[in-house]
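Q: Input run_18.pdb, format and content: PDB, C-alpha atoms.
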```pdb
MODEL        1
ATOM      1  CA  MET A   6       0.000   0.000   0.000  1.00  0.00           C
ATOM      2  CA  LEU A   7       1.289   3.466  -0.894  1.00  0.00           C
ATOM      3  CA  PRO A   8       1.629   6.145   1.783  1.00  0.00           C
ATOM      4  CA  VAL A   9      -1.019   8.866   1.782  1.00  0.00           C
ATOM      5  CA  PRO A  10       0.072  12.124   0.094  1.00  0.00           C
ATOM      6  CA  ARG A  11       0.502  14.875   2.680  1.00  0.00           C
ATOM      7  CA  LYS A  12       1.480  17.856   0.522  1.00  0.00           C
ATOM      8  CA  TYR A  13       0.321  19.202  -2.810  1.00  0.00           C
ATOM      9  CA  PHE A  14       0.529  22.219  -5.065  1.00  0.00           C
ATOM     10  CA  LEU A  15      -1.246  23.517  -8.141  1.00  0.00           C
ATOM     11  CA  THR A  16       0.516  24.389 -11.347  1.00  0.00           C
ATOM     12  CA  ALA A  17      -0.504  25.664 -14.770  1.00  0.00           C
ATOM     13  CA  ALA A  18       1.846  26.295 -17.679  1.00  0.00           C
ATOM     14  CA  SER A  19       1.999  26.309 -21.451  1.00  0.00           C
ATOM     15  CA  ALA A  20       4.632  25.806 -24.109  1.00  0.00           C
ATOM     16  CA  GLU A  21       5.345  25.262 -27.770  1.00  0.00           C
ATOM     17  CA  GLY A  22       7.106  22.283 -29.315  1.00  0.00           C
ATOM     18  CA  ASN A  23       7.942  20.740 -32.663  1.00  0.00           C
ATOM     19  CA  THR A  24       5.691  17.748 -31.924  1.00  0.00           C
ATOM     20  CA  PRO A  25       2.692  17.249 -29.626  1.00  0.00           C
ATOM     21  CA  LEU A  26       4.816  15.226 -27.195  1.00  0.00           C
ATOM     22  CA  THR A  27       7.595  17.812 -26.981  1.00  0.00           C
ATOM     23  CA  ALA A  28       5.017  20.578 -26.476  1.00  0.00           C
ATOM     24  CA  PHE A  29       3.561  18.520 -23.608  1.00  0.00           C
ATOM     25  CA  ASP A  30       7.047  17.879 -22.190  1.00  0.00           C
ATOM     26  CA  ARG A  31       7.938  21.573 -22.323  1.00  0.00           C
ATOM     27  CA  ALA A  32       4.670  22.493 -20.582  1.00  0.00           C
ATOM     28  CA  LEU A  33       5.507  19.964 -17.848  1.00  0.00           C
ATOM     29  CA  LEU A  34       8.943  21.571 -17.459  1.00  0.00           C
ATOM     30  CA  ALA A  35       7.436  25.056 -17.330  1.00  0.00           C
ATOM     31  CA  GLY A  36       5.026  23.801 -14.663  1.00  0.00           C
ATOM     32  CA  ARG A  37       7.847  22.390 -12.454  1.00  0.00           C
ATOM     33  CA  ILE A  38       6.819  18.764 -12.996  1.00  0.00           C
ATOM     34  CA  GLY A  39       8.855  17.811 -16.060  1.00  0.00           C
ATOM     35  CA  ASN A  40      11.440  15.682 -14.292  1.00  0.00           C
ATOM     36  CA  ILE A  41       9.118  13.396 -12.350  1.00  0.00           C
ATOM     37  CA  ASN A  42       7.068  10.358 -13.374  1.00  0.00           C
ATOM     38  CA  LEU A  43       3.404  11.298 -13.383  1.00  0.00           C
ATOM     39  CA  VAL A  44       1.016   8.639 -12.145  1.00  0.00           C
ATOM     40  CA  ARG A  45      -2.357   9.920 -13.296  1.00  0.00           C
ATOM     41  CA  VAL A  46      -4.992   9.729 -10.588  1.00  0.00           C
ATOM     42  CA  SER A  47      -8.635  10.640 -10.292  1.00  0.00           C
ATOM     43  CA  SER A  48      -9.855  13.541  -8.316  1.00  0.00           C
ATOM     44  CA  ILE A  49      -9.749  13.061  -4.561  1.00  0.00           C
ATOM     45  CA  LEU A  50      -7.275  14.875  -2.314  1.00  0.00           C
ATOM     46  CA  PRO A  51      -6.600  12.877   0.875  1.00  0.00           C
ATOM     47  CA  PRO A  52      -7.766  14.338   4.193  1.00  0.00           C
ATOM     48  CA  GLY A  53      -5.096  16.408   5.898  1.00  0.00           C
ATOM     49  CA  ALA A  54      -3.076  17.114   2.745  1.00  0.00           C
ATOM     50  CA  GLN A  55      -1.421  20.520   3.066  1.00  0.00           C
ATOM     51  CA  TYR A  56      -0.968  23.064   0.299  1.00  0.00           C
ATOM     52  CA  CYS A  57       2.714  23.926  -0.262  1.00  0.00           C
ATOM     53  CA  SER A  58       3.338  26.264  -3.218  1.00  0.00           C
ATOM     54  CA  GLU A  59       7.118  25.828  -3.038  1.00  0.00           C
ATOM     55  CA  LEU A  60       7.071  22.038  -2.808  1.00  0.00           C
ATOM     56  CA  VAL A  61      10.109  20.424  -4.485  1.00  0.00           C
ATOM     57  CA  ILE A  62       9.728  16.819  -5.594  1.00  0.00           C
ATOM     58  CA  PRO A  63      12.833  14.666  -6.193  1.00  0.00           C
ATOM     59  CA  GLU A  64      13.693  14.003  -9.851  1.00  0.00           C
ATOM     60  CA  GLY A  65      12.516  10.646 -11.110  1.00  0.00           C
ATOM     61  CA  ALA A  66       9.963  10.160  -8.319  1.00  0.00           C
ATOM     62  CA  LEU A  67       6.676   8.386  -9.008  1.00  0.00           C
ATOM     63  CA  VAL A  68       4.107  11.065  -8.199  1.00  0.00           C
ATOM     64  CA  PRO A  69       0.309  10.907  -8.094  1.00  0.00           C
ATOM     65  CA  VAL A  70      -0.943  13.790 -10.251  1.00  0.00           C
ATOM     66  CA  ALA A  71      -4.404  14.880 -11.340  1.00  0.00           C
ATOM     67  CA  TYR A  72      -4.059  16.876 -14.544  1.00  0.00           C
ATOM     68  CA  GLY A  73      -5.717  18.175 -17.669  1.00  0.00           C
ATOM     69  CA  TYR A  74      -4.116  19.385 -20.852  1.00  0.00           C
ATOM     70  CA  MET A  75      -4.907  20.518 -24.376  1.00  0.00           C
ATOM     71  CA  ILE A  76      -2.591  20.250 -27.363  1.00  0.00           C
ATOM     72  CA  SER A  77      -3.279  22.025 -30.640  1.00  0.00           C
ATOM     73  CA  ASP A  78      -1.525  22.546 -33.958  1.00  0.00           C
ATOM     74  CA  VAL A  79      -3.997  25.162 -35.177  1.00  0.00           C
ATOM     75  CA  ARG A  80      -2.050  28.418 -35.526  1.00  0.00           C
ATOM     76  CA  GLY A  81      -3.741  31.227 -33.620  1.00  0.00           C
ATOM     77  CA  GLU A  82      -6.080  28.976 -31.656  1.00  0.00           C
ATOM     78  CA  LEU A  83      -6.595  29.846 -27.993  1.00  0.00           C
ATOM     79  CA  ILE A  84      -6.352  26.831 -25.692  1.00  0.00           C
ATOM     80  CA  SER A  85      -6.477  26.643 -21.922  1.00  0.00           C
ATOM     81  CA  ALA A  86      -6.202  24.290 -18.990  1.00  0.00           C
ATOM     82  CA  ALA A  87      -7.198  24.644 -15.360  1.00  0.00           C
ATOM     83  CA  VAL A  88      -7.262  22.646 -12.144  1.00  0.00           C
ATOM     84  CA  GLY A  89      -8.980  23.365  -8.899  1.00  0.00           C
ATOM     85  CA  VAL A  90      -8.916  21.920  -5.429  1.00  0.00           C
ATOM     86  CA  GLY A  91     -11.941  22.264  -3.225  1.00  0.00           C
ATOM     87  CA  VAL A  92     -11.734  21.346   0.441  1.00  0.00           C
ATOM     88  CA  GLY A  93     -14.680  20.461   2.601  1.00  0.00           C
ATOM     89  CA  LEU A  94     -15.192  21.223   6.258  1.00  0.00           C
ATOM     90  CA  ASN A  95     -13.403  18.444   8.230  1.00  0.00           C
ATOM     91  CA  SER A  96     -13.190  16.410   5.039  1.00  0.00           C
ATOM     92  CA  PHE A  97     -11.125  15.323   2.099  1.00  0.00           C
ATOM     93  CA  GLY A  98     -10.685  17.488  -0.973  1.00  0.00           C
ATOM     94  CA  VAL A  99     -11.933  17.179  -4.520  1.00  0.00           C
ATOM     95  CA  ILE A 100      -9.771  17.998  -7.540  1.00  0.00           C
ATOM     96  CA  MET A 101     -11.297  19.038 -10.852  1.00  0.00           C
ATOM     97  CA  GLU A 102      -9.431  19.325 -14.152  1.00  0.00           C
ATOM     98  CA  PHE A 103     -10.470  21.086 -17.353  1.00  0.00           C
ATOM     99  CA  ALA A 104      -8.898  21.741 -20.741  1.00  0.00           C
ATOM    100  CA  GLY A 105     -10.467  23.253 -23.821  1.00  0.00           C
ATOM    101  CA  ARG A 106     -10.533  25.724 -26.646  1.00  0.00           C
ATOM    102  CA  CYS A 107     -11.417  28.767 -24.588  1.00  0.00           C
ATOM    103  CA  SER A 108      -9.947  31.545 -22.467  1.00  0.00           C
ATOM    104  CA  GLN A 109      -8.285  31.154 -19.093  1.00  0.00           C
ATOM    105  CA  ALA A 110     -11.235  32.944 -17.495  1.00  0.00           C
ATOM    106  CA  GLU A 111     -13.691  30.464 -19.028  1.00  0.00           C
ATOM    107  CA  ALA A 112     -11.570  27.545 -17.805  1.00  0.00           C
ATOM    108  CA  ARG A 113     -11.456  28.998 -14.264  1.00  0.00           C
ATOM    109  CA  ASN A 114     -15.239  29.443 -14.262  1.00  0.00           C
ATOM    110  CA  LYS A 115     -15.740  25.851 -15.421  1.00  0.00           C
ATOM    111  CA  ILE A 116     -13.561  24.626 -12.529  1.00  0.00           C
ATOM    112  CA  LYS A 117     -15.587  26.662 -10.013  1.00  0.00           C
ATOM    113  CA  GLU A 118     -18.836  25.218 -11.394  1.00  0.00           C
ATOM    114  CA  MET A 119     -17.530  21.640 -11.266  1.00  0.00           C
ATOM    115  CA  LEU A 120     -16.230  21.994  -7.711  1.00  0.00           C
ATOM    116  CA  SER A 121     -19.541  23.442  -6.525  1.00  0.00           C
ATOM    117  CA  GLU A 122     -21.450  20.621  -8.199  1.00  0.00           C
ATOM    118  CA  SER A 123     -19.162  17.912  -6.816  1.00  0.00           C
ATOM    119  CA  PHE A 124     -19.507  19.143  -3.225  1.00  0.00           C
ATOM    120  CA  ALA A 125     -23.267  19.557  -3.567  1.00  0.00           C
ATOM    121  CA  ALA A 126     -23.489  15.948  -4.803  1.00  0.00           C
ATOM    122  CA  ARG A 127     -21.550  14.806  -1.726  1.00  0.00           C
ATOM    123  CA  GLN A 128     -23.571  17.062   0.600  1.00  0.00           C
ATOM    124  CA  ILE A 129     -20.340  18.473   2.023  1.00  0.00           C
ATOM    125  CA  GLU A 130     -19.822  22.167   2.717  1.00  0.00           C
ATOM    126  CA  LEU A 131     -17.158  23.630   0.409  1.00  0.00           C
ATOM    127  CA  VAL A 132     -14.928  25.895   2.523  1.00  0.00           C
ATOM    128  CA  ASP A 133     -11.872  26.599   0.357  1.00  0.00           C
ATOM    129  CA  ILE A 134     -11.035  26.666  -3.360  1.00  0.00           C
ATOM    130  CA  LYS A 135      -7.639  26.988  -5.023  1.00  0.00           C
ATOM    131  CA  ILE A 136      -7.395  27.283  -8.819  1.00  0.00           C
ATOM    132  CA  ALA A 137      -4.507  27.380 -11.288  1.00  0.00           C
ATOM    133  CA  ALA A 138      -5.201  28.146 -14.940  1.00  0.00           C
ATOM    134  CA  VAL A 139      -3.355  29.076 -18.104  1.00  0.00           C
ATOM    135  CA  GLU A 140      -4.201  30.035 -21.672  1.00  0.00           C
ATOM    136  CA  HIS A 141      -1.994  29.727 -24.731  1.00  0.00           C
ATOM    137  CA  ARG A 142      -2.199  31.167 -28.237  1.00  0.00           C
ATOM    138  CA  VAL A 143      -0.835  28.467 -30.559  1.00  0.00           C
ATOM    139  CA  GLU A 144       2.092  29.374 -32.806  1.00  0.00           C
ATOM    140  CA  LYS A 145       3.026  25.940 -34.203  1.00  0.00           C
ATOM    141  CA  ILE A 146       2.155  23.150 -31.757  1.00  0.00           C
ATOM    142  CA  GLY A 147       1.084  24.352 -28.326  1.00  0.00           C
ATOM    143  CA  CYS A 148       0.165  22.724 -25.059  1.00  0.00           C
ATOM    144  CA  ALA A 149      -1.732  24.156 -22.098  1.00  0.00           C
ATOM    145  CA  LEU A 150      -1.416  22.063 -18.934  1.00  0.00           C
ATOM    146  CA  ALA A 151      -2.731  22.311 -15.388  1.00  0.00           C
ATOM    147  CA  ALA A 152      -1.941  19.816 -12.643  1.00  0.00           C
ATOM    148  CA  VAL A 153      -2.108  18.971  -8.955  1.00  0.00           C
ATOM    149  CA  PRO A 154       0.920  16.899  -7.927  1.00  0.00           C
ATOM    150  CA  MET A 155       0.710  15.225  -4.510  1.00  0.00           C
ATOM    151  CA  TRP A 156       3.706  14.262  -2.393  1.00  0.00           C
ATOM    152  CA  TYR A 157       4.387  12.411   0.884  1.00  0.00           C
TER     153      TYR A 157
ENDMDL
END
```
Can the structure from this file be put into structure tokens for me?
A:
Amino acid sequence: MLPVPRKYFLTAASAEGNTPLTAFDRALLAGRIGNINLVRVSSILPPGAQYCSELVIPEGALVPVAYGYMISDVRGELISAAVGVGVGLNSFGVIMEFAGRCSQAEARNKIKEMLSESFAARQIELVDIKIAAVEHRVEKIGCALAAVPMWY
């Protein structure tokens, strides 16, 4: 059994590349998570996890990460990605991810709506929201990425 993550941060970044994969890789690097192994997880933040904006994760570590991203090769297209963490009163947290062909503001609003809906469905009072979002105007091949890495 894996230990329960105790720290997390939110990140959002964008980048260009010569291929979709290198655009994604460069967005990971810009978001401070390019040198770790992402283990994609669904959207629950463990109880007691603490937000740490300056968290440094060792290179090569296997890290649970909830993330969303959009890659486009349409010159001039506006793409965005956002993540949000909502925390309930005396409860666990819920993470929502979004990526689309829209503005950063639209992505942030979508995250707020999804967090509100998810807490209402659980009948838990939502007491805190943190959001990270980014938008990117594609030049050649662009990637917008938002993520919540969790560490022990």
Q: Just say which residues the PyMOL selection byres ((chain A and resi 19) around 12) picks in this file, as a PDB file with C-alpha atoms, in the coordinates of the input.
A:
```pdb
ATOM      1  CA  THR A  16       0.516  24.389 -11.347  1.00  0.00           C
ATOM      2  CA  ALA A  17      -0.504  25.664 -14.770  1.00  0.00           C
ATOM      3  CA  ALA A  18       1.846  26.295 -17.679  1.00  0.00           C
ATOM      4  CA  ALA A  20       4.632  25.806 -24.109  1.00  0.00           C
ATOM      5  CA  GLU A  21       5.345  25.262 -27.770  1.00  0.00           C
ATOM      6  CA  GLY A  22       7.106  22.283 -29.315  1.00  0.00           C
ATOM      7  CA  THR A  27       7.595  17.812 -26.981  1.00  0.00           C
ATOM      8  CA  ALA A  28       5.017  20.578 -26.476  1.00  0.00           C
ATOM      9  CA  PHE A  29       3.561  18.520 -23.608  1.00  0.00           C
ATOM     10  CA  ASP A  30       7.047  17.879 -22.190  1.00  0.00           C
ATOM     11  CA  ARG A  31       7.938  21.573 -22.323  1.00  0.00           C
ATOM     12  CA  ALA A  32       4.670  22.493 -20.582  1.00  0.00           C
ATOM     13  CA  LEU A  33       5.507  19.964 -17.848  1.00  0.00           C
ATOM     14  CA  LEU A  34       8.943  21.571 -17.459  1.00  0.00           C
ATOM     15  CA  ALA A  35       7.436  25.056 -17.330  1.00  0.00           C
ATOM     16  CA  GLY A  36       5.026  23.801 -14.663  1.00  0.00           C
ATOM     17  CA  ARG A  37       7.847  22.390 -12.454  1.00  0.00           C
ATOM     18  CA  GLY A  73      -5.717  18.175 -17.669  1.00  0.00           C
ATOM     19  CA  TYR A  74      -4.116  19.385 -20.852  1.00  0.00           C
ATOM     20  CA  MET A  75      -4.907  20.518 -24.376  1.00  0.00           C
ATOM     21  CA  ILE A  76      -2.591  20.250 -27.363  1.00  0.00           C
ATOM     22  CA  SER A  77      -3.279  22.025 -30.640  1.00  0.00           C
ATOM     23  CA  LEU A  83      -6.595  29.846 -27.993  1.00  0.00           C
ATOM     24  CA  ILE A  84      -6.352  26.831 -25.692  1.00  0.00           C
ATOM     25  CA  SER A  85      -6.477  26.643 -21.922  1.00  0.00           C
ATOM     26  CA  ALA A  86      -6.202  24.290 -18.990  1.00  0.00           C
ATOM     27  CA  ALA A  87      -7.198  24.644 -15.360  1.00  0.00           C
ATOM     28  CA  ALA A 104      -8.898  21.741 -20.741  1.00  0.00           C
ATOM     29  CA  GLN A 109      -8.285  31.154 -19.093  1.00  0.00           C
ATOM     30  CA  ALA A 138      -5.201  28.146 -14.940  1.00  0.00           C
ATOM     31  CA  VAL A 139      -3.355  29.076 -18.104  1.00  0.00           C
ATOM     32  CA  GLU A 140      -4.201  30.035 -21.672  1.00  0.00           C
ATOM     33  CA  HIS A 141      -1.994  29.727 -24.731  1.00  0.00           C
ATOM     34  CA  ARG A 142      -2.199  31.167 -28.237  1.00  0.00           C
ATOM     35  CA  VAL A 143      -0.835  28.467 -30.559  1.00  0.00           C
ATOM     36  CA  GLU A 144       2.092  29.374 -32.806  1.00  0.00           C
ATOM     37  CA  ILE A 146       2.155  23.150 -31.757  1.00  0.00           C
ATOM     38  CA  GLY A 147       1.084  24.352 -28.326  1.00  0.00           C
ATOM     39  CA  CYS A 148       0.165  22.724 -25.059  1.00  0.00           C
ATOM     40  CA  ALA A 149      -1.732  24.156 -22.098  1.00  0.00           C
ATOM     41  CA  LEU A 150      -1.416  22.063 -18.934  1.00  0.00           C
ATOM     42  CA  ALA A 151      -2.731  22.311 -15.388  1.00  0.00           C
ATOM     43  CA  ALA A 152      -1.941  19.816 -12.643  1.00  0.00           C
TER      44      ALA A 152
END
```
Q: Could you please determine the separation between CA of Gly53 in chain A and CA of Ile41 in chain A in Å, to one decimal place?
A: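 Taking CA of Gly53 in chain A as the start and CA of Ile41 in chain A as the end point, the length is 23.3 Å.
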Q: Residues within 6 Å of (-8.8, 17.4, -3.1), file coordinates, counting all atoms listed in the file: what are they? Give the list as a PyMOL selection string.
A: chain A and resi 49-50+90-91+98-100
Q: Give me the result of the PyMOL selection byres ((chain A and resi 14) around 6) on this file, residue by residue, as JSON, numbers by chain.
A: {"A": [13, 15, 56, 57, 58, 153]}
Q: Would you export the selected residues with C-alpha atoms as a PDB file, in the coordinates of the input, please?
A:
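File result24.pdb, as written:
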```pdb
ATOM      1  CA  TYR A  13       0.321  19.202  -2.810  1.00  0.00           C
ATOM      2  CA  LEU A  15      -1.246  23.517  -8.141  1.00  0.00           C
ATOM      3  CA  TYR A  56      -0.968  23.064   0.299  1.00  0.00           C
ATOM      4  CA  CYS A  57       2.714  23.926  -0.262  1.00  0.00           C
ATOM      5  CA  SER A  58       3.338  26.264  -3.218  1.00  0.00           C
ATOM      6  CA  VAL A 153      -2.108  18.971  -8.955  1.00  0.00           C
TER       7      VAL A 153
END
```
Q: Name all residues at most 6 Å from range 130-136 of chain A (count only C-alpha atoms; drop same-chain ones fewer than 6 positions away) and give them as a ChimeraX atom specification.
A: /A:88-94
